[in-house]
4 protein chains.
Amino acid sequence: MAKGNIQMTIIQIDNYGPWTLCLGPRREHDLQVLQSELYADLQRLFFSKGGLVFCARFDNMLAITNGIDIDTHREIQESICRRYPITISMGIGAGATAREAQEKATRALQSYGSSQSEERYKILAVSEESLKGDENLVQIAHIDVEKATLMLTDRVSAYEALFTLLRVHGVLAEKFLEKKALVFFIGGDNFMVISNGLTRQDYVKILRRVSGRESLRFKAGIGIACNAIEALKLANESLGKVRRAELKESICILSEQEEDR
Amino acid sequence: MAKGNIQMTIIQIDNYGPWTLCLGPRREHDLQVLQSELYADLQRLFFSKGGLVFCARFDNMLAITNGIDIDTHREIQESICRRYPITISMGIGAGATAREAQEKATRALQSYGSSQSEERYKILAVSEESLKGDENLVQIAHIDVEKATLMLTDRVSAYEALFTLLRVHGVLAEKFLEKKALVFFIGGDNFMVISNGLTRQDYVKILRRVSGRESLRFKAGIGIACNAIEALKLANESLGKVRRAELKESICILSEQEEDR
Amino acid sequence: MAKGNIQMTIIQIDNYGPWTLCLGPRREHDLQVLQSELYADLQRLFFSKGGLVFCARFDNMLAITNGIDIDTHREIQESICRRYPITISMGIGAGATAREAQEKATRALQSYGSSQSEERYKILAVSEESLKGDENLVQIAHIDVEKATLMLTDRVSAYEALFTLLRVHGVLAEKFLEKKALVFFIGGDNFMVISNGLTRQDYVKILRRVSGRESLRFKAGIGIACNAIEALKLANESLGKVRRAELKESICILSEQEEDR
Amino acid sequence: MAKGNIQMTIIQIDNYGPWTLCLGPRREHDLQVLQSELYADLQRLFFSKGGLVFCARFDNMLAITNGIDIDTHREIQESICRRYPITISMGIGAGATAREAQEKATRALQSYGSSQSEERYKILAVSEESLKGDENLVQIAHIDVEKATLMLTDRVSAYEALFTLLRVHGVLAEKFLEKKALVFFIGGDNFMVISNGLTRQDYVKILRRVSGRESLRFKAGIGIACNAIEALKLANESLGKVRRAELKESICILSEQEEDR
């Protein structure tokens, strides 16, 4: 298996809760718009450097940032702080698994004080030296529900479909977390798993177990590369192969080094 | 208890899945940006007419639309279709509970054909005549986790906090759905429940049960009014009262008609 | 001729110059993005209430705001201040001509102090009582250059085309200002004139003189209604008639009260 | 004087005019929002690669793109085409002056057919091989009006101030174009001049002549570097020096190679 580490960044709005309260009771709609645009903005900024952001809790986001150095993080932070009424702090960490990387990233940031402290803002915390070029490795799985349109969207009510996907997210997240991989819902019937270190057998086992519980079947395309964008591109190509039924299995893995293992 | 119905609208991107596939394997980042901006745009458009949108699955969103007629829906639909590479369809329904309203809305839209049909696009489906002014009633609960910063954000890793909230969302959604109310996560540690027909006792029971399971406590502010924006404003004022500890209980209800019942 | 007044609003970023300086020398790109998004946002907010915004100098914008009261201005102001790192102030004025209306609006705001004062921010200045419903009148002309694609876009260099339009804008603005009407460039080869009080003969004379100077011919569609959105819709319909060569003249006027005078 | 060429890109919305017509008479507000967001998006995309975009006519924009190769142009084009209801074409050219570079860029694109042809879309036209690294040179002047707040914003009406700046833009553009430099208005009282090849003496002469005509005085900060972002940063630093009155003259030039010539 390929060797290398994943680098993750936590992006946190500073002192967000107290700030929202001072906006008065008619604030909610503006906050929803603000949060969505902040996420779209960060996605653009990190993507242009090879990274990928997940909206997570919106006031706390997580990004895969292999190949993005501290200065670039600082530029992104500055650009956001110039254009929004809030500031953001960031923590950067790396590790053999996504779970470990984001734990280090979070701890690095937490060491500067509470997210609701007025004194702590615009922090850029680094848990250790950033990765060298040849140590970068990102594994991403793009998972979707088989026949989701037929089984959910065209069949049950909109909320029932959402509720089913919420439950699926919960079970997927639980099972993958045992393997130190992180699952994010990215819209529709699509999940993305940051899954450094997992083998084909790991995916087979987990998806089989979740299928059993939920009476839904899954397809998974996995990509392995030196940064998030390239890994995701391979994951999408893998999923395309599975969708076009070029494979017996519902799982396909593509790596920058080797083809379809 | 106040009498009246809630009106809900399902907003669906037409033939989204097949369209995304034709964008090639490097599409994901652009889709995330597109989805976020579409949501922010719809939120602005519906808000300006007294409505409120939840991003749900992003390709399928749900909105509270009391007081928003068919022509206004059509204008919003046109505005989106002019500015995005995709079109949207909508279904409108009303009922005594949020669950019923969105079921009718979904069925009205589903009756026009599959969401992945190339022939079905820019539909505006209405399950029945829109509500008269005096029949509108929206009940919204704004729920947050007590001491979420202390217990989650400043203490555990970013993903662990997200995972906890995902689990809480699942349990809240399950319990509220039994009462025909719908729970949405709106960022941070905040949930919004569309809860027409629920009594104070219903909230107390549900929150107590979820607290027991998750070792977390909740605060809830409930607002009742003739449209989403006014109900949400009252819900935020209610939650403000609870936060400022002006009340013995962690639940407060404000209604347009009567004060703090 | 129809009787009534136009209401205009100046929207000014507070203390913008000094603020931009503190952002450091790498600020420019962020400011361009900020300004564009602020304009797009204000356009959405005012449009949803029947108004129309012109980006003007970007840090100072002008809007037609007939039918939009002070409370709604305040809500728009609050929504912007919640989502941007800057605040805005506004001045509202009304008059028989656009020139007079914006002069009153500007003076009302200027009376609160300098735009670069740190003490003056989030002002909402009103030059007088807002208009009653039956006093509202907006006249808008949508003017474009005949065969602009053939003569400019497909023929000369991009900057030469821009330079020609800049010169045309200058001459149009000068001539219309003599009649107390305001010309804005709105992209492509399109100009919008807020032209309360002008007669068909006024347009004929002005466009003939500008044509003479610039060797370009113009088409104009004029709309007259009780607010900006309806007037603009009629202006576009008028221009459509001219474009489809349904008329001998290159000018067409449509009014809410009467057809094609 | 430093040797090297400037690379410019024309960005053109394909078949925009005919498309807008099919949107109906209520289209205008949506077009303004679309154009602003498209510009903001392109600004972000080019900036992340060291470039800078000017909104120009909105349906035709111009960018400084030194150091940005054809593949990156293609990626930017794809990203826009995925997220907007329109497509864009681009032409790339280089030359010793900005005027020449954009002429070549425009001609390259024009050779593919009319901007209003339905057959011509998503073109990426290149006038010649892209520049080698050591041939890149960008000279930018950031010019502002002395005491614009005192003389214009706080003193005359909003439209009068705009009209003055429009006239100033016209005169500046005329004079600089004689020297093959391009002037863009970037908001407030700020102009940007792409001015490869100009000497200090050229600026002194032009600004003196324009001052004479308009009774306004100007400050200019000039930056010279290998791409737009670095040149602009130096231009802003130069302007900062002039503003802080560290210099006798109202013109300052900073170059990557040498300090304040």
# chains A, B, ... in the order shown; residues from 1 in each chain; ligands from 1
$ residues_around --residues "range 24-33 of chain D" --least-positions-apart "6" --cutoff "6 Å" --atoms "only C-alpha atoms" --output "PDB file with C-alpha atoms, in the first residue's frame"
ATOM      1  CA  ALA C  40     -25.423  42.132  -6.531  1.00  0.00           C
ATOM      2  CA  LYS C 233     -40.412  46.007 -17.868  1.00  0.00           C
ATOM      3  CA  ASN C 236     -37.819  46.492 -22.334  1.00  0.00           C
ATOM      4  CA  GLU C 237     -41.077  45.758 -24.107  1.00  0.00           C
TER       5      GLU C 237
END
$ residues_around --residues "Phe54 in chain C" --least-positions-apart "2" --cutoff "10 Å" --atoms "only C-alpha atoms" --output "MDAnalysis selection string"
(chainID C and resid 10:11 39:40 42:43 52 56:58 60:64 183:186 192) or (chainID D and resid 32)
$ closest_residue --among "B:Phe47, B:Ser127, B:Ile86, B:Arg74" --to "Ser111 in chain B" --atoms "only C-alpha atoms"
B:Ser127
$ residues_around --residues "Gly197 in chain D" --least-positions-apart "6" --cutoff "12 Å" --atoms "only C-alpha atoms" --output "list in words"
Met1, Ala2, Lys3, Gly4, Asn5, Ile6, Gly95, Ala96, Thr97, Ala98, Arg99, Glu100, Leu137, Val138, Gln139, Ile140, Ala141, Phe176, Lys179, Lys180, Ala181, Leu182, Tyr203, Ile222 and Ile224 of chain D
$ interface_residues --of "chain A" --to "chain D" --cutoff "10 Å" --atoms "only C-alpha atoms" --output "list of chain:residue names"
A:Asp41, A:Arg44, A:Leu45, A:Phe46, A:Phe47, A:Ser48, A:Lys49
$ residues_around --residues "Arg167 in chain C" --least-positions-apart "4" --cutoff "7 Å" --atoms "only C-alpha atoms" --output "count of residues only"
3
$ residues_around --residues "Lys205 in chain B" --least-positions-apart "4" --cutoff "12 Å" --atoms "only C-alpha atoms" --output "list in words"
Leu172, Lys175, Phe176, Lys179, Leu198, Thr199, Arg200, Gln201, Arg209, Val210, Ser211, Gly212, Phe218 and Ile251 of chain B
$ atom_distance --atom1 "CA of Arg244 in chain D" --atom2 "CA of Gly221 in chain D"
11.9 Å
$ residues_around --residues "Ser114 in chain A" --least-positions-apart "2" --cutoff "9 Å" --atoms "only C-alpha atoms" --output "list in words"
Asn15, Leu109, Gln110, Ser111, Tyr112, Gln116, Ser117, Glu118 and Arg120 of chain A; Thr149, Leu150, Thr153 and Asp154 of chain B
$ write_last_selection --atoms "N, CA and C atoms" --output "PDB file, in the first residue's frame"
ATOM      1  N   ASN A  15     -15.525  33.301  17.739  1.00  0.00           N
ATOM      2  CA  ASN A  15     -16.517  33.896  18.641  1.00  0.00           C
ATOM      3  C   ASN A  15     -17.879  34.073  17.961  1.00  0.00           C
ATOM      4  N   LEU A 109      -5.352  24.212  17.432  1.00  0.00           N
ATOM      5  CA  LEU A 109      -6.158  25.429  17.547  1.00  0.00           C
ATOM      6  C   LEU A 109      -6.678  25.618  18.968  1.00  0.00           C
ATOM      7  N   GLN A 110      -7.162  24.526  19.571  1.00  0.00           N
ATOM      8  CA  GLN A 110      -7.717  24.625  20.929  1.00  0.00           C
ATOM      9  C   GLN A 110      -6.674  25.141  21.924  1.00  0.00           C
ATOM     10  N   SER A 111      -5.403  24.868  21.658  1.00  0.00           N
ATOM     11  CA  SER A 111      -4.363  25.281  22.603  1.00  0.00           C
ATOM     12  C   SER A 111      -4.254  26.805  22.698  1.00  0.00           C
ATOM     13  N   TYR A 112      -4.852  27.515  21.738  1.00  0.00           N
ATOM     14  CA  TYR A 112      -4.812  28.981  21.783  1.00  0.00           C
ATOM     15  C   TYR A 112      -5.952  29.593  22.587  1.00  0.00           C
ATOM     16  N   GLN A 116     -14.885  30.787  21.818  1.00  0.00           N
ATOM     17  CA  GLN A 116     -15.776  31.890  22.168  1.00  0.00           C
ATOM     18  C   GLN A 116     -15.074  32.959  23.005  1.00  0.00           C
ATOM     19  N   SER A 117     -13.757  32.935  22.969  1.00  0.00           N
ATOM     20  CA  SER A 117     -13.030  34.003  23.647  1.00  0.00           C
ATOM     21  C   SER A 117     -12.909  35.199  22.719  1.00  0.00           C
ATOM     22  N   GLU A 118     -13.087  36.382  23.285  1.00  0.00           N
ATOM     23  CA  GLU A 118     -12.947  37.583  22.462  1.00  0.00           C
ATOM     24  C   GLU A 118     -11.484  37.887  22.135  1.00  0.00           C
ATOM     25  N   ARG A 120      -9.164  35.567  21.438  1.00  0.00           N
ATOM     26  CA  ARG A 120      -8.582  34.610  20.496  1.00  0.00           C
ATOM     27  C   ARG A 120      -9.208  34.761  19.117  1.00  0.00           C
TER      28      ARG A 120
ATOM     29  N   THR B 149     -20.128  24.745  23.303  1.00  0.00           N
ATOM     30  CA  THR B 149     -18.735  25.178  23.138  1.00  0.00           C
ATOM     31  C   THR B 149     -17.843  24.472  24.149  1.00  0.00           C
ATOM     32  N   LEU B 150     -18.312  24.467  25.386  1.00  0.00           N
ATOM     33  CA  LEU B 150     -17.533  23.842  26.464  1.00  0.00           C
ATOM     34  C   LEU B 150     -17.432  22.327  26.273  1.00  0.00           C
ATOM     35  N   THR B 153     -16.997  21.950  21.061  1.00  0.00           N
ATOM     36  CA  THR B 153     -16.066  22.706  20.217  1.00  0.00           C
ATOM     37  C   THR B 153     -14.682  22.872  20.847  1.00  0.00           C
ATOM     38  N   ASP B 154     -14.652  23.230  22.145  1.00  0.00           N
ATOM     39  CA  ASP B 154     -13.359  23.489  22.783  1.00  0.00           C
ATOM     40  C   ASP B 154     -12.724  22.229  23.367  1.00  0.00           C
TER      41      ASP B 154
END
$ select_by_dssp --residues "range 1-205 of chain C" --states "strand (DSSP E or B)" --output "MDAnalysis selection string"
chainID C and resid 5:13 52:54 60:64 88:95 124:126 136 138:145 182:185 190:194
$ write_last_selection --atoms "C-alpha atoms" --output "PDB file, in the first residue's frame"
ATOM      1  CA  ASN C   5     -42.413  62.097  -8.408  1.00  0.00           C
ATOM      2  CA  ILE C   6     -39.463  59.760  -8.455  1.00  0.00           C
ATOM      3  CA  GLN C   7     -37.837  58.609  -5.222  1.00  0.00           C
ATOM      4  CA  MET C   8     -34.117  57.917  -5.204  1.00  0.00           C
ATOM      5  CA  THR C   9     -31.746  56.539  -2.601  1.00  0.00           C
ATOM      6  CA  ILE C  10     -28.006  57.040  -2.313  1.00  0.00           C
ATOM      7  CA  ILE C  11     -26.228  54.055  -0.755  1.00  0.00           C
ATOM      8  CA  GLN C  12     -22.791  54.849   0.611  1.00  0.00           C
ATOM      9  CA  ILE C  13     -20.164  52.594   2.164  1.00  0.00           C
ATOM     10  CA  LEU C  52     -33.533  49.016  -8.961  1.00  0.00           C
ATOM     11  CA  VAL C  53     -29.901  49.771  -8.085  1.00  0.00           C
ATOM     12  CA  PHE C  54     -27.129  51.213 -10.276  1.00  0.00           C
ATOM     13  CA  ASN C  60     -21.598  55.193  -3.784  1.00  0.00           C
ATOM     14  CA  MET C  61     -24.571  53.622  -5.523  1.00  0.00           C
ATOM     15  CA  LEU C  62     -27.894  55.090  -6.592  1.00  0.00           C
ATOM     16  CA  ALA C  63     -31.266  53.337  -6.535  1.00  0.00           C
ATOM     17  CA  ILE C  64     -34.784  54.081  -7.730  1.00  0.00           C
ATOM     18  CA  ILE C  88     -23.579  51.440   4.724  1.00  0.00           C
ATOM     19  CA  SER C  89     -25.488  54.683   5.081  1.00  0.00           C
ATOM     20  CA  MET C  90     -28.413  55.786   2.960  1.00  0.00           C
ATOM     21  CA  GLY C  91     -30.135  58.991   1.998  1.00  0.00           C
ATOM     22  CA  ILE C  92     -33.625  59.132   0.497  1.00  0.00           C
ATOM     23  CA  GLY C  93     -35.044  61.939  -1.616  1.00  0.00           C
ATOM     24  CA  ALA C  94     -37.884  62.570  -4.044  1.00  0.00           C
ATOM     25  CA  GLY C  95     -38.532  65.056  -6.793  1.00  0.00           C
ATOM     26  CA  LEU C 124     -30.660  56.505   7.266  1.00  0.00           C
ATOM     27  CA  ALA C 125     -31.362  60.074   6.213  1.00  0.00           C
ATOM     28  CA  VAL C 126     -34.671  61.134   4.716  1.00  0.00           C
ATOM     29  CA  ASN C 136     -45.215  57.654  -7.584  1.00  0.00           C
ATOM     30  CA  VAL C 138     -40.877  56.381 -12.725  1.00  0.00           C
ATOM     31  CA  GLN C 139     -39.793  56.936 -16.310  1.00  0.00           C
ATOM     32  CA  ILE C 140     -36.942  54.783 -17.583  1.00  0.00           C
ATOM     33  CA  ALA C 141     -35.383  54.639 -21.035  1.00  0.00           C
ATOM     34  CA  HIS C 142     -33.431  51.566 -22.100  1.00  0.00           C
ATOM     35  CA  ILE C 143     -31.080  52.661 -24.881  1.00  0.00           C
ATOM     36  CA  ASP C 144     -28.792  50.501 -26.962  1.00  0.00           C
ATOM     37  CA  VAL C 145     -26.417  51.047 -29.830  1.00  0.00           C
ATOM     38  CA  LEU C 182     -29.438  60.423 -15.316  1.00  0.00           C
ATOM     39  CA  VAL C 183     -27.638  57.955 -17.592  1.00  0.00           C
ATOM     40  CA  PHE C 184     -26.080  54.717 -16.331  1.00  0.00           C
ATOM     41  CA  PHE C 185     -24.088  52.141 -18.297  1.00  0.00           C
ATOM     42  CA  ASN C 190     -26.805  49.208 -23.005  1.00  0.00           C
ATOM     43  CA  PHE C 191     -27.588  52.399 -21.147  1.00  0.00           C
ATOM     44  CA  MET C 192     -30.406  53.143 -18.786  1.00  0.00           C
ATOM     45  CA  VAL C 193     -31.756  56.659 -18.375  1.00  0.00           C
ATOM     46  CA  ILE C 194     -33.901  57.735 -15.444  1.00  0.00           C
TER      47      ILE C 194
END
$ select_by_dssp --residues "range 53-213 of chain A" --states "alpha helix (DSSP H)" --output "PyMOL selection string"
chain A and resi 70-83+98-110+148+158-178+200-213
